[in-house]
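One file, input-v5.cif, is given below (mmCIF, N, CA and C atoms).
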```cif
data_model
#
loop_
_atom_site.label_atom_id
_atom_site.label_comp_id
_atom_site.auth_asym_id
_atom_site.auth_seq_id
_atom_site.Cartn_x
_atom_site.Cartn_y
_atom_site.Cartn_z
N GLN A 994 54.20 107.50 79.76
CA GLN A 994 55.03 107.43 78.57
C GLN A 994 56.46 107.04 78.98
N VAL A 995 56.91 105.91 78.52
CA VAL A 995 58.26 105.46 78.85
C VAL A 995 59.26 106.24 78.03
N GLN A 996 60.30 106.70 78.68
CA GLN A 996 61.40 107.37 77.98
C GLN A 996 62.70 106.63 78.25
N LEU A 997 63.49 106.48 77.20
CA LEU A 997 64.76 105.79 77.28
C LEU A 997 65.87 106.79 76.99
N VAL A 998 66.87 106.82 77.87
CA VAL A 998 67.99 107.75 77.70
C VAL A 998 69.29 106.97 77.76
N GLU A 999 69.98 106.90 76.63
CA GLU A 999 71.25 106.20 76.54
C GLU A 999 72.40 107.17 76.80
N SER A 1000 73.47 106.65 77.39
CA SER A 1000 74.65 107.47 77.66
C SER A 1000 75.88 106.58 77.75
N GLY A 1001 77.05 107.21 77.77
CA GLY A 1001 78.28 106.49 77.97
C GLY A 1001 79.13 106.30 76.72
N GLY A 1002 78.63 106.75 75.57
CA GLY A 1002 79.40 106.61 74.35
C GLY A 1002 80.58 107.56 74.31
N GLY A 1003 81.37 107.43 73.24
CA GLY A 1003 82.52 108.30 73.08
C GLY A 1003 83.44 107.80 72.00
N LEU A 1004 84.59 108.44 71.93
CA LEU A 1004 85.63 108.07 70.97
C LEU A 1004 86.71 107.27 71.70
N VAL A 1005 86.96 106.06 71.25
CA VAL A 1005 87.97 105.23 71.89
C VAL A 1005 88.83 104.56 70.84
N GLN A 1006 90.02 104.14 71.27
CA GLN A 1006 90.93 103.44 70.37
C GLN A 1006 90.56 101.96 70.31
N PRO A 1007 90.87 101.29 69.24
CA PRO A 1007 90.64 99.85 69.16
C PRO A 1007 91.27 99.13 70.34
N GLY A 1008 90.54 98.14 70.86
CA GLY A 1008 91.02 97.37 71.99
C GLY A 1008 90.59 97.91 73.34
N ARG A 1009 90.08 99.13 73.35
CA ARG A 1009 89.64 99.73 74.60
C ARG A 1009 88.22 99.30 74.96
N SER A 1010 87.75 99.84 76.10
CA SER A 1010 86.42 99.47 76.60
C SER A 1010 85.56 100.69 76.83
N LEU A 1011 84.26 100.47 76.78
CA LEU A 1011 83.26 101.47 77.15
C LEU A 1011 82.11 100.78 77.85
N ARG A 1012 81.43 101.53 78.71
CA ARG A 1012 80.24 101.00 79.35
C ARG A 1012 79.07 101.93 79.06
N LEU A 1013 78.09 101.42 78.37
CA LEU A 1013 76.91 102.20 78.04
C LEU A 1013 75.83 101.97 79.10
N SER A 1014 75.04 103.01 79.33
CA SER A 1014 73.91 102.92 80.26
C SER A 1014 72.64 103.33 79.54
N CYS A 1015 71.54 102.76 79.97
CA CYS A 1015 70.23 103.12 79.43
C CYS A 1015 69.28 103.26 80.61
N ALA A 1016 68.90 104.49 80.87
CA ALA A 1016 67.98 104.77 81.98
C ALA A 1016 66.56 104.83 81.44
N ALA A 1017 65.68 104.08 82.04
CA ALA A 1017 64.30 104.00 81.59
C ALA A 1017 63.36 104.60 82.62
N SER A 1018 62.63 105.61 82.22
CA SER A 1018 61.62 106.17 83.12
C SER A 1018 60.38 105.28 83.07
N GLY A 1019 59.54 105.38 84.03
CA GLY A 1019 58.30 104.65 84.00
C GLY A 1019 58.36 103.27 84.61
N GLY A 1020 59.50 102.91 85.21
CA GLY A 1020 59.56 101.67 85.94
C GLY A 1020 59.44 100.42 85.10
N ILE A 1021 59.97 100.43 83.89
CA ILE A 1021 59.82 99.26 83.03
C ILE A 1021 60.97 98.28 83.18
N GLY A 1022 61.98 98.67 83.92
CA GLY A 1022 63.20 97.89 83.93
C GLY A 1022 63.05 96.44 84.33
N SER A 1023 62.09 96.14 85.17
CA SER A 1023 62.01 94.77 85.67
C SER A 1023 60.91 93.96 85.01
N ILE A 1024 60.17 94.55 84.08
CA ILE A 1024 59.01 93.82 83.58
C ILE A 1024 59.07 93.47 82.11
N LYS A 1025 60.14 93.82 81.45
CA LYS A 1025 60.25 93.48 80.04
C LYS A 1025 61.67 93.04 79.72
N PRO A 1026 61.80 92.08 78.80
CA PRO A 1026 63.13 91.81 78.27
C PRO A 1026 63.63 93.06 77.55
N MET A 1027 64.88 93.39 77.76
CA MET A 1027 65.45 94.58 77.18
C MET A 1027 66.61 94.22 76.26
N ALA A 1028 66.93 95.11 75.36
CA ALA A 1028 67.97 94.83 74.38
C ALA A 1028 68.73 96.09 74.03
N TRP A 1029 69.91 95.88 73.52
CA TRP A 1029 70.71 96.93 72.90
C TRP A 1029 70.73 96.69 71.39
N TYR A 1030 70.65 97.79 70.68
CA TYR A 1030 70.73 97.76 69.22
C TYR A 1030 71.78 98.77 68.80
N ARG A 1031 72.21 98.69 67.55
CA ARG A 1031 73.13 99.69 67.03
C ARG A 1031 72.88 99.93 65.55
N GLN A 1032 73.23 101.12 65.14
CA GLN A 1032 73.11 101.47 63.73
C GLN A 1032 74.39 102.13 63.28
N GLY A 1033 75.14 101.40 62.47
CA GLY A 1033 76.39 101.93 61.94
C GLY A 1033 76.16 102.83 60.75
N PRO A 1034 77.19 103.56 60.33
CA PRO A 1034 77.05 104.48 59.18
C PRO A 1034 76.57 103.74 57.94
N GLY A 1035 75.46 104.20 57.38
CA GLY A 1035 74.95 103.61 56.16
C GLY A 1035 74.36 102.22 56.32
N LYS A 1036 74.10 101.82 57.57
CA LYS A 1036 73.58 100.47 57.80
C LYS A 1036 72.21 100.51 58.48
N GLN A 1037 71.54 99.37 58.43
CA GLN A 1037 70.28 99.23 59.15
C GLN A 1037 70.56 99.04 60.64
N ARG A 1038 69.59 99.39 61.44
CA ARG A 1038 69.72 99.13 62.87
C ARG A 1038 69.73 97.63 63.09
N GLU A 1039 70.61 97.14 63.97
CA GLU A 1039 70.72 95.72 64.22
C GLU A 1039 70.70 95.44 65.72
N TRP A 1040 70.21 94.28 66.04
CA TRP A 1040 70.19 93.82 67.42
C TRP A 1040 71.60 93.43 67.84
N VAL A 1041 71.98 93.78 69.07
CA VAL A 1041 73.32 93.49 69.58
C VAL A 1041 73.27 92.47 70.72
N ALA A 1042 72.39 92.72 71.69
CA ALA A 1042 72.32 91.85 72.86
C ALA A 1042 70.98 92.06 73.54
N SER A 1043 70.56 91.06 74.29
CA SER A 1043 69.31 91.17 75.02
C SER A 1043 69.40 90.42 76.35
N ILE A 1044 68.52 90.83 77.27
CA ILE A 1044 68.48 90.20 78.58
C ILE A 1044 67.03 90.09 79.01
N THR A 1045 66.66 88.91 79.49
CA THR A 1045 65.28 88.70 79.92
C THR A 1045 65.12 89.17 81.37
N THR A 1046 63.89 89.13 81.84
CA THR A 1046 63.63 89.53 83.22
C THR A 1046 64.27 88.56 84.22
N SER A 1047 64.53 87.34 83.78
CA SER A 1047 65.17 86.36 84.66
C SER A 1047 66.69 86.34 84.47
N GLY A 1048 67.20 87.22 83.62
CA GLY A 1048 68.65 87.34 83.49
C GLY A 1048 69.28 86.52 82.38
N ILE A 1049 68.47 85.89 81.54
CA ILE A 1049 69.03 85.14 80.41
C ILE A 1049 69.52 86.12 79.35
N LYS A 1050 70.75 85.92 78.92
CA LYS A 1050 71.38 86.87 77.99
C LYS A 1050 71.67 86.20 76.64
N ASN A 1051 71.53 86.98 75.61
CA ASN A 1051 71.87 86.53 74.26
C ASN A 1051 72.63 87.63 73.54
N TYR A 1052 73.51 87.21 72.65
CA TYR A 1052 74.37 88.17 71.95
C TYR A 1052 74.44 87.86 70.47
N ALA A 1053 74.62 88.91 69.70
CA ALA A 1053 74.92 88.72 68.29
C ALA A 1053 76.31 88.10 68.18
N ASP A 1054 76.51 87.30 67.16
CA ASP A 1054 77.80 86.63 66.99
C ASP A 1054 78.95 87.63 66.91
N SER A 1055 78.69 88.78 66.35
CA SER A 1055 79.76 89.77 66.15
C SER A 1055 80.29 90.35 67.46
N VAL A 1056 79.53 90.22 68.55
CA VAL A 1056 79.97 90.81 69.82
C VAL A 1056 80.14 89.77 70.92
N LYS A 1057 79.80 88.54 70.61
CA LYS A 1057 79.87 87.49 71.63
C LYS A 1057 81.29 87.35 72.17
N GLY A 1058 81.40 87.31 73.49
CA GLY A 1058 82.71 87.20 74.12
C GLY A 1058 83.37 88.53 74.39
N ARG A 1059 82.84 89.60 73.83
CA ARG A 1059 83.42 90.94 74.05
C ARG A 1059 82.47 91.86 74.79
N PHE A 1060 81.17 91.72 74.55
CA PHE A 1060 80.15 92.59 75.16
C PHE A 1060 79.40 91.82 76.23
N THR A 1061 78.97 92.54 77.27
CA THR A 1061 78.17 91.95 78.33
C THR A 1061 76.99 92.87 78.65
N ILE A 1062 75.80 92.34 78.57
CA ILE A 1062 74.61 93.10 78.92
C ILE A 1062 74.21 92.77 80.34
N SER A 1063 73.71 93.76 81.05
CA SER A 1063 73.23 93.54 82.42
C SER A 1063 72.13 94.54 82.71
N ARG A 1064 71.44 94.32 83.81
CA ARG A 1064 70.36 95.22 84.17
C ARG A 1064 70.31 95.37 85.68
N ASP A 1065 69.90 96.55 86.10
CA ASP A 1065 69.66 96.84 87.52
C ASP A 1065 68.20 97.26 87.61
N SER A 1066 67.35 96.32 87.95
CA SER A 1066 65.91 96.61 87.94
C SER A 1066 65.54 97.69 88.95
N ALA A 1067 66.24 97.74 90.06
CA ALA A 1067 65.94 98.75 91.08
C ALA A 1067 66.19 100.15 90.55
N LYS A 1068 67.15 100.27 89.65
CA LYS A 1068 67.49 101.56 89.07
C LYS A 1068 66.87 101.76 87.69
N ASN A 1069 66.11 100.78 87.23
CA ASN A 1069 65.51 100.86 85.89
C ASN A 1069 66.56 101.18 84.83
N THR A 1070 67.69 100.51 84.92
CA THR A 1070 68.82 100.79 84.04
C THR A 1070 69.35 99.50 83.44
N VAL A 1071 69.68 99.59 82.17
CA VAL A 1071 70.31 98.48 81.45
C VAL A 1071 71.69 98.95 81.01
N TYR A 1072 72.66 98.05 81.10
CA TYR A 1072 74.04 98.39 80.78
C TYR A 1072 74.56 97.53 79.64
N LEU A 1073 75.57 98.05 78.97
CA LEU A 1073 76.29 97.26 77.97
C LEU A 1073 77.78 97.53 78.17
N GLN A 1074 78.46 96.54 78.71
CA GLN A 1074 79.91 96.62 78.87
C GLN A 1074 80.54 96.14 77.56
N MET A 1075 81.33 96.99 76.95
CA MET A 1075 81.93 96.66 75.66
C MET A 1075 83.44 96.64 75.81
N ASN A 1076 84.02 95.48 75.62
CA ASN A 1076 85.47 95.31 75.71
C ASN A 1076 86.04 94.98 74.35
N SER A 1077 87.35 95.13 74.23
CA SER A 1077 88.05 94.80 72.98
C SER A 1077 87.34 95.40 71.77
N LEU A 1078 87.06 96.67 71.86
CA LEU A 1078 86.30 97.33 70.80
C LEU A 1078 87.06 97.34 69.48
N LYS A 1079 86.30 97.23 68.40
CA LYS A 1079 86.85 97.20 67.06
C LYS A 1079 86.27 98.36 66.25
N PRO A 1080 86.95 98.79 65.21
CA PRO A 1080 86.39 99.86 64.37
C PRO A 1080 85.00 99.55 63.85
N GLU A 1081 84.73 98.29 63.58
CA GLU A 1081 83.40 97.91 63.08
C GLU A 1081 82.30 98.00 64.14
N ASP A 1082 82.68 98.28 65.39
CA ASP A 1082 81.67 98.52 66.43
C ASP A 1082 81.17 99.96 66.40
N THR A 1083 81.78 100.79 65.58
CA THR A 1083 81.35 102.18 65.47
C THR A 1083 79.90 102.26 65.03
N ALA A 1084 79.09 102.95 65.84
CA ALA A 1084 77.66 103.03 65.57
C ALA A 1084 77.01 103.90 66.63
N VAL A 1085 75.76 104.23 66.38
CA VAL A 1085 74.91 104.81 67.43
C VAL A 1085 74.22 103.64 68.12
N TYR A 1086 74.33 103.60 69.43
CA TYR A 1086 73.77 102.49 70.21
C TYR A 1086 72.49 102.94 70.90
N TYR A 1087 71.49 102.08 70.81
CA TYR A 1087 70.19 102.33 71.40
C TYR A 1087 69.78 101.16 72.29
N CYS A 1088 68.97 101.46 73.29
CA CYS A 1088 68.36 100.37 74.02
C CYS A 1088 66.85 100.45 73.83
N ASN A 1089 66.18 99.34 74.00
CA ASN A 1089 64.74 99.31 73.90
C ASN A 1089 64.24 97.96 74.39
N ALA A 1090 62.96 97.84 74.55
CA ALA A 1090 62.39 96.54 74.87
C ALA A 1090 62.63 95.59 73.71
N LEU A 1091 62.85 94.32 74.04
CA LEU A 1091 63.12 93.34 72.99
C LEU A 1091 61.88 93.11 72.12
N PHE A 1092 60.73 93.09 72.74
CA PHE A 1092 59.47 92.92 72.02
C PHE A 1092 58.61 94.15 72.28
N SER A 1093 57.77 94.49 71.35
CA SER A 1093 56.89 95.67 71.48
C SER A 1093 57.68 96.87 71.96
N PRO A 1094 58.63 97.36 71.15
CA PRO A 1094 59.50 98.44 71.58
C PRO A 1094 58.76 99.73 71.91
N TYR A 1095 59.35 100.46 72.82
CA TYR A 1095 58.87 101.80 73.16
C TYR A 1095 59.38 102.79 72.10
N SER A 1096 59.08 104.05 72.28
CA SER A 1096 59.66 105.07 71.41
C SER A 1096 61.18 105.07 71.60
N TRP A 1097 61.89 105.20 70.49
CA TRP A 1097 63.34 105.14 70.56
C TRP A 1097 63.92 106.40 71.19
N GLY A 1098 65.00 106.20 71.98
CA GLY A 1098 65.72 107.33 72.52
C GLY A 1098 66.63 107.94 71.47
N GLN A 1099 67.49 108.84 71.91
CA GLN A 1099 68.39 109.52 70.97
C GLN A 1099 69.63 108.70 70.66
N GLY A 1100 69.86 107.68 71.47
CA GLY A 1100 71.04 106.84 71.27
C GLY A 1100 72.30 107.51 71.79
N THR A 1101 73.38 106.75 71.78
CA THR A 1101 74.68 107.28 72.18
C THR A 1101 75.72 106.84 71.16
N GLN A 1102 76.52 107.77 70.70
CA GLN A 1102 77.49 107.50 69.63
C GLN A 1102 78.74 106.83 70.19
N VAL A 1103 79.12 105.74 69.57
CA VAL A 1103 80.37 105.06 69.89
C VAL A 1103 81.22 105.08 68.63
N THR A 1104 82.41 105.64 68.75
CA THR A 1104 83.35 105.69 67.63
C THR A 1104 84.65 105.02 68.06
N VAL A 1105 85.02 104.00 67.30
CA VAL A 1105 86.26 103.27 67.59
C VAL A 1105 87.25 103.56 66.48
N SER A 1106 88.29 104.26 66.82
CA SER A 1106 89.24 104.69 65.81
C SER A 1106 90.58 105.00 66.46
N SER A 1107 91.63 104.72 65.71
CA SER A 1107 92.97 105.05 66.20
C SER A 1107 93.38 106.45 65.74
#
```
Any chance you could give the structure as C-alpha cells?
Amino acid sequence: QVQLVESGGGLVQPGRSLRLSCAASGGIGSIKPMAWYRQGPGKQREWVASITTSGIKNYADSVKGRFTISRDSAKNTVYLQMNSLKPEDTAVYYCNALFSPYSWGQGTQVTVSS
C-alpha cells in the first residue's frame, strides 16, 4: 500500500518562498509520473505541476515561472519549490501520481498572507 506524506507548508508573507516535500513509501518514486495538486478554500482540487520519470516538467499557467517541481528517485521524494508566493497560492497542497492516483495523503497547508 503506497502512502504519501506531504510536508513543508506554513504561513508566509507574499513574495516569500517555501519548499514542499512529498515522501512516498513503497518505492514508487521512480516508476510513475508524479504531480502536485492544490485545493484552495471553497475550490476544487487543481493540478499544479507534474514531472515524468524522465524529468519532463509541466506547470499550470498560474504558477509557471514561480514554482519548480523536482524528484529524488533514490529517496522516493518529490519536491515543489515555490517562489514569489501570492495570496492566491493559499491552499492545501497534495502530491500524487499523475495517472491512476494512489490514496491521497493529508496534504500540507500553505497560507500566504501579510
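Rounded to one decimal, atom C of Cys1088 (chain A) and atom N of Ser1106 (chain A) lie 22.9 Å from each other.
For region 1072-1077 of chain A, the set of protein, DNA and RNA residues having any atom at most 5 Å away, when counting all atoms listed in the file and skipping those fewer than 3 positions along the same chain, is Gly1008, Arg1009, Ser1010, Leu1011, Arg1012, Leu1013, Ser1014, Cys1015, Arg1059, Phe1060, Thr1061, Ile1062, Ser1063 and Arg1064 of chain A.
Note that the spacing between atom C of Glu999 (chain A) and atom N of Ala1042 (chain A) amounts to 15.3 Å.
Nearest-residue note for Gln1102 (chain A): choosing from A:Ser1055, A:Thr1083, A:Asn1069, A:Asn1089, the minimum distance belongs to A:Thr1083, counting all atoms listed in the file.
With distances restricted to all atoms listed in the file, A:Trp1029 is the closest residue to Tyr1086 (chain A) from A:Trp1029, A:Gly1048, A:Thr1070, A:Val1056.
A straight line drawn from CA of Asp1065 (chain A) to atom C of Asn1051 (chain A) is 17.0 Å long.
Ranking A:Trp1040, A:Met1027, A:Ala1067, A:Gln1006 by their shortest atom-to-atom distance to Asp1054 (chain A), with only C-alpha atoms included, puts A:Trp1040 first.
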Got a sec to check which residues sit within 8 Å of (73.4, 98.0, 64.7), counting all atoms listed in the file, and write them as a PDB file with N, CA and C atoms, keeping the file's coordinate frame?
```pdb
ATOM      1  N   TRP A1029      69.910  95.880  73.520  1.00  0.00           N
ATOM      2  CA  TRP A1029      70.710  96.930  72.900  1.00  0.00           C
ATOM      3  C   TRP A1029      70.730  96.690  71.390  1.00  0.00           C
ATOM      4  N   TYR A1030      70.650  97.790  70.680  1.00  0.00           N
ATOM      5  CA  TYR A1030      70.730  97.760  69.220  1.00  0.00           C
ATOM      6  C   TYR A1030      71.780  98.770  68.800  1.00  0.00           C
ATOM      7  N   ARG A1031      72.210  98.690  67.550  1.00  0.00           N
ATOM      8  CA  ARG A1031      73.130  99.690  67.030  1.00  0.00           C
ATOM      9  C   ARG A1031      72.880  99.930  65.550  1.00  0.00           C
ATOM     10  N   GLN A1032      73.230 101.120  65.140  1.00  0.00           N
ATOM     11  CA  GLN A1032      73.110 101.470  63.730  1.00  0.00           C
ATOM     12  C   GLN A1032      74.390 102.130  63.280  1.00  0.00           C
ATOM     13  N   GLY A1033      75.140 101.400  62.470  1.00  0.00           N
ATOM     14  CA  GLY A1033      76.390 101.930  61.940  1.00  0.00           C
ATOM     15  C   GLY A1033      76.160 102.830  60.750  1.00  0.00           C
ATOM     16  N   LYS A1036      74.100 101.820  57.570  1.00  0.00           N
ATOM     17  CA  LYS A1036      73.580 100.470  57.800  1.00  0.00           C
ATOM     18  C   LYS A1036      72.210 100.510  58.480  1.00  0.00           C
ATOM     19  N   GLN A1037      71.540  99.370  58.430  1.00  0.00           N
ATOM     20  CA  GLN A1037      70.280  99.230  59.150  1.00  0.00           C
ATOM     21  C   GLN A1037      70.560  99.040  60.640  1.00  0.00           C
ATOM     22  N   ARG A1038      69.590  99.390  61.440  1.00  0.00           N
ATOM     23  CA  ARG A1038      69.720  99.130  62.870  1.00  0.00           C
ATOM     24  C   ARG A1038      69.730  97.630  63.090  1.00  0.00           C
ATOM     25  N   GLU A1039      70.610  97.140  63.970  1.00  0.00           N
ATOM     26  CA  GLU A1039      70.720  95.720  64.220  1.00  0.00           C
ATOM     27  C   GLU A1039      70.700  95.440  65.720  1.00  0.00           C
ATOM     28  N   TRP A1040      70.210  94.280  66.040  1.00  0.00           N
ATOM     29  CA  TRP A1040      70.190  93.820  67.420  1.00  0.00           C
ATOM     30  C   TRP A1040      71.600  93.430  67.840  1.00  0.00           C
ATOM     31  N   VAL A1041      71.980  93.780  69.070  1.00  0.00           N
ATOM     32  CA  VAL A1041      73.320  93.490  69.580  1.00  0.00           C
ATOM     33  C   VAL A1041      73.270  92.470  70.720  1.00  0.00           C
ATOM     34  N   THR A1083      81.780 100.790  65.580  1.00  0.00           N
ATOM     35  CA  THR A1083      81.350 102.180  65.470  1.00  0.00           C
ATOM     36  C   THR A1083      79.900 102.260  65.030  1.00  0.00           C
ATOM     37  N   ALA A1084      79.090 102.950  65.840  1.00  0.00           N
ATOM     38  CA  ALA A1084      77.660 103.030  65.570  1.00  0.00           C
ATOM     39  C   ALA A1084      77.010 103.900  66.630  1.00  0.00           C
ATOM     40  N   VAL A1085      75.760 104.230  66.380  1.00  0.00           N
ATOM     41  CA  VAL A1085      74.910 104.810  67.430  1.00  0.00           C
ATOM     42  C   VAL A1085      74.220 103.640  68.120  1.00  0.00           C
ATOM     43  N   TYR A1086      74.330 103.600  69.430  1.00  0.00           N
ATOM     44  CA  TYR A1086      73.770 102.490  70.210  1.00  0.00           C
ATOM     45  C   TYR A1086      72.490 102.940  70.900  1.00  0.00           C
ATOM     46  N   TYR A1087      71.490 102.080  70.810  1.00  0.00           N
ATOM     47  CA  TYR A1087      70.190 102.330  71.400  1.00  0.00           C
ATOM     48  C   TYR A1087      69.780 101.160  72.290  1.00  0.00           C
TER      49      TYR A1087
END
```
Just list the residues in chain A DSSP gives strand (DSSP E) on the backbone, as an MDAnalysis selection string.
-> chainID A and resid 997:1000 1003:1005 1011:1017 1027:1032 1039:1044 1050:1052 1060:1065 1070:1075 1084:1090 1101:1105
Would you put the residues from that selection into a file with N, CA and C atoms, as a short mmCIF file (atom, residue, chain, number, x, y, z; two decimals), in the coordinates of the input?
```cif
data_model
loop_
_atom_site.label_atom_id
_atom_site.label_comp_id
_atom_site.auth_asym_id
_atom_site.auth_seq_id
_atom_site.Cartn_x
_atom_site.Cartn_y
_atom_site.Cartn_z
N LEU A 997 63.49 106.48 77.20
CA LEU A 997 64.76 105.79 77.28
C LEU A 997 65.87 106.79 76.99
N VAL A 998 66.87 106.82 77.87
CA VAL A 998 67.99 107.75 77.70
C VAL A 998 69.29 106.97 77.76
N GLU A 999 69.98 106.90 76.63
CA GLU A 999 71.25 106.20 76.54
C GLU A 999 72.40 107.17 76.80
N SER A 1000 73.47 106.65 77.39
CA SER A 1000 74.65 107.47 77.66
C SER A 1000 75.88 106.58 77.75
N GLY A 1003 81.37 107.43 73.24
CA GLY A 1003 82.52 108.30 73.08
C GLY A 1003 83.44 107.80 72.00
N LEU A 1004 84.59 108.44 71.93
CA LEU A 1004 85.63 108.07 70.97
C LEU A 1004 86.71 107.27 71.70
N VAL A 1005 86.96 106.06 71.25
CA VAL A 1005 87.97 105.23 71.89
C VAL A 1005 88.83 104.56 70.84
N LEU A 1011 84.26 100.47 76.78
CA LEU A 1011 83.26 101.47 77.15
C LEU A 1011 82.11 100.78 77.85
N ARG A 1012 81.43 101.53 78.71
CA ARG A 1012 80.24 101.00 79.35
C ARG A 1012 79.07 101.93 79.06
N LEU A 1013 78.09 101.42 78.37
CA LEU A 1013 76.91 102.20 78.04
C LEU A 1013 75.83 101.97 79.10
N SER A 1014 75.04 103.01 79.33
CA SER A 1014 73.91 102.92 80.26
C SER A 1014 72.64 103.33 79.54
N CYS A 1015 71.54 102.76 79.97
CA CYS A 1015 70.23 103.12 79.43
C CYS A 1015 69.28 103.26 80.61
N ALA A 1016 68.90 104.49 80.87
CA ALA A 1016 67.98 104.77 81.98
C ALA A 1016 66.56 104.83 81.44
N ALA A 1017 65.68 104.08 82.04
CA ALA A 1017 64.30 104.00 81.59
C ALA A 1017 63.36 104.60 82.62
N MET A 1027 64.88 93.39 77.76
CA MET A 1027 65.45 94.58 77.18
C MET A 1027 66.61 94.22 76.26
N ALA A 1028 66.93 95.11 75.36
CA ALA A 1028 67.97 94.83 74.38
C ALA A 1028 68.73 96.09 74.03
N TRP A 1029 69.91 95.88 73.52
CA TRP A 1029 70.71 96.93 72.90
C TRP A 1029 70.73 96.69 71.39
N TYR A 1030 70.65 97.79 70.68
CA TYR A 1030 70.73 97.76 69.22
C TYR A 1030 71.78 98.77 68.80
N ARG A 1031 72.21 98.69 67.55
CA ARG A 1031 73.13 99.69 67.03
C ARG A 1031 72.88 99.93 65.55
N GLN A 1032 73.23 101.12 65.14
CA GLN A 1032 73.11 101.47 63.73
C GLN A 1032 74.39 102.13 63.28
N GLU A 1039 70.61 97.14 63.97
CA GLU A 1039 70.72 95.72 64.22
C GLU A 1039 70.70 95.44 65.72
N TRP A 1040 70.21 94.28 66.04
CA TRP A 1040 70.19 93.82 67.42
C TRP A 1040 71.60 93.43 67.84
N VAL A 1041 71.98 93.78 69.07
CA VAL A 1041 73.32 93.49 69.58
C VAL A 1041 73.27 92.47 70.72
N ALA A 1042 72.39 92.72 71.69
CA ALA A 1042 72.32 91.85 72.86
C ALA A 1042 70.98 92.06 73.54
N SER A 1043 70.56 91.06 74.29
CA SER A 1043 69.31 91.17 75.02
C SER A 1043 69.40 90.42 76.35
N ILE A 1044 68.52 90.83 77.27
CA ILE A 1044 68.48 90.20 78.58
C ILE A 1044 67.03 90.09 79.01
N LYS A 1050 70.75 85.92 78.92
CA LYS A 1050 71.38 86.87 77.99
C LYS A 1050 71.67 86.20 76.64
N ASN A 1051 71.53 86.98 75.61
CA ASN A 1051 71.87 86.53 74.26
C ASN A 1051 72.63 87.63 73.54
N TYR A 1052 73.51 87.21 72.65
CA TYR A 1052 74.37 88.17 71.95
C TYR A 1052 74.44 87.86 70.47
N PHE A 1060 81.17 91.72 74.55
CA PHE A 1060 80.15 92.59 75.16
C PHE A 1060 79.40 91.82 76.23
N THR A 1061 78.97 92.54 77.27
CA THR A 1061 78.17 91.95 78.33
C THR A 1061 76.99 92.87 78.65
N ILE A 1062 75.80 92.34 78.57
CA ILE A 1062 74.61 93.10 78.92
C ILE A 1062 74.21 92.77 80.34
N SER A 1063 73.71 93.76 81.05
CA SER A 1063 73.23 93.54 82.42
C SER A 1063 72.13 94.54 82.71
N ARG A 1064 71.44 94.32 83.81
CA ARG A 1064 70.36 95.22 84.17
C ARG A 1064 70.31 95.37 85.68
N ASP A 1065 69.90 96.55 86.10
CA ASP A 1065 69.66 96.84 87.52
C ASP A 1065 68.20 97.26 87.61
N THR A 1070 67.69 100.51 84.92
CA THR A 1070 68.82 100.79 84.04
C THR A 1070 69.35 99.50 83.44
N VAL A 1071 69.68 99.59 82.17
CA VAL A 1071 70.31 98.48 81.45
C VAL A 1071 71.69 98.95 81.01
N TYR A 1072 72.66 98.05 81.10
CA TYR A 1072 74.04 98.39 80.78
C TYR A 1072 74.56 97.53 79.64
N LEU A 1073 75.57 98.05 78.97
CA LEU A 1073 76.29 97.26 77.97
C LEU A 1073 77.78 97.53 78.17
N GLN A 1074 78.46 96.54 78.71
CA GLN A 1074 79.91 96.62 78.87
C GLN A 1074 80.54 96.14 77.56
N MET A 1075 81.33 96.99 76.95
CA MET A 1075 81.93 96.66 75.66
C MET A 1075 83.44 96.64 75.81
N ALA A 1084 79.09 102.95 65.84
CA ALA A 1084 77.66 103.03 65.57
C ALA A 1084 77.01 103.90 66.63
N VAL A 1085 75.76 104.23 66.38
CA VAL A 1085 74.91 104.81 67.43
C VAL A 1085 74.22 103.64 68.12
N TYR A 1086 74.33 103.60 69.43
CA TYR A 1086 73.77 102.49 70.21
C TYR A 1086 72.49 102.94 70.90
N TYR A 1087 71.49 102.08 70.81
CA TYR A 1087 70.19 102.33 71.40
C TYR A 1087 69.78 101.16 72.29
N CYS A 1088 68.97 101.46 73.29
CA CYS A 1088 68.36 100.37 74.02
C CYS A 1088 66.85 100.45 73.83
N ASN A 1089 66.18 99.34 74.00
CA ASN A 1089 64.74 99.31 73.90
C ASN A 1089 64.24 97.96 74.39
N ALA A 1090 62.96 97.84 74.55
CA ALA A 1090 62.39 96.54 74.87
C ALA A 1090 62.63 95.59 73.71
N THR A 1101 73.38 106.75 71.78
CA THR A 1101 74.68 107.28 72.18
C THR A 1101 75.72 106.84 71.16
N GLN A 1102 76.52 107.77 70.70
CA GLN A 1102 77.49 107.50 69.63
C GLN A 1102 78.74 106.83 70.19
N VAL A 1103 79.12 105.74 69.57
CA VAL A 1103 80.37 105.06 69.89
C VAL A 1103 81.22 105.08 68.63
N THR A 1104 82.41 105.64 68.75
CA THR A 1104 83.35 105.69 67.63
C THR A 1104 84.65 105.02 68.06
N VAL A 1105 85.02 104.00 67.30
CA VAL A 1105 86.26 103.27 67.59
C VAL A 1105 87.25 103.56 66.48
#
```
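Nearest to Val995 (chain A) of all the residues A:Ala1053, A:Pro1007, A:Ser1018, A:Ser1047 is A:Ser1018, based on only N, CA and C atoms.
When only C-alpha atoms are used to compute distances to Gly1098 (chain A), the closest of the residues A:Ser1000, A:Glu1081, A:Gly1019, A:Lys1050 turns out to be A:Ser1000.
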Please return as JSON, numbers by chain: the residues of chain A that backbone DSSP assigns to helix (DSSP H, G or I).
-> {"A": [1066, 1067, 1068, 1080, 1081, 1082]}
Please produce an output containing N, CA and C atoms for each residue in the selection, written as a tab-separated table (two decimals), in the frame of the given file.
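Saved as part38.tsv:
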```tsv
chain	number	residue	atom	x	y	z
A	1066	SER	N	67.35	96.32	87.95
A	1066	SER	CA	65.91	96.61	87.94
A	1066	SER	C	65.54	97.69	88.95
A	1067	ALA	N	66.24	97.74	90.06
A	1067	ALA	CA	65.94	98.75	91.08
A	1067	ALA	C	66.19	100.15	90.55
A	1068	LYS	N	67.15	100.27	89.65
A	1068	LYS	CA	67.49	101.56	89.07
A	1068	LYS	C	66.87	101.76	87.69
A	1080	PRO	N	86.95	98.79	65.21
A	1080	PRO	CA	86.39	99.86	64.37
A	1080	PRO	C	85.00	99.55	63.85
A	1081	GLU	N	84.73	98.29	63.58
A	1081	GLU	CA	83.40	97.91	63.08
A	1081	GLU	C	82.30	98.00	64.14
A	1082	ASP	N	82.68	98.28	65.39
A	1082	ASP	CA	81.67	98.52	66.43
A	1082	ASP	C	81.17	99.96	66.40
```
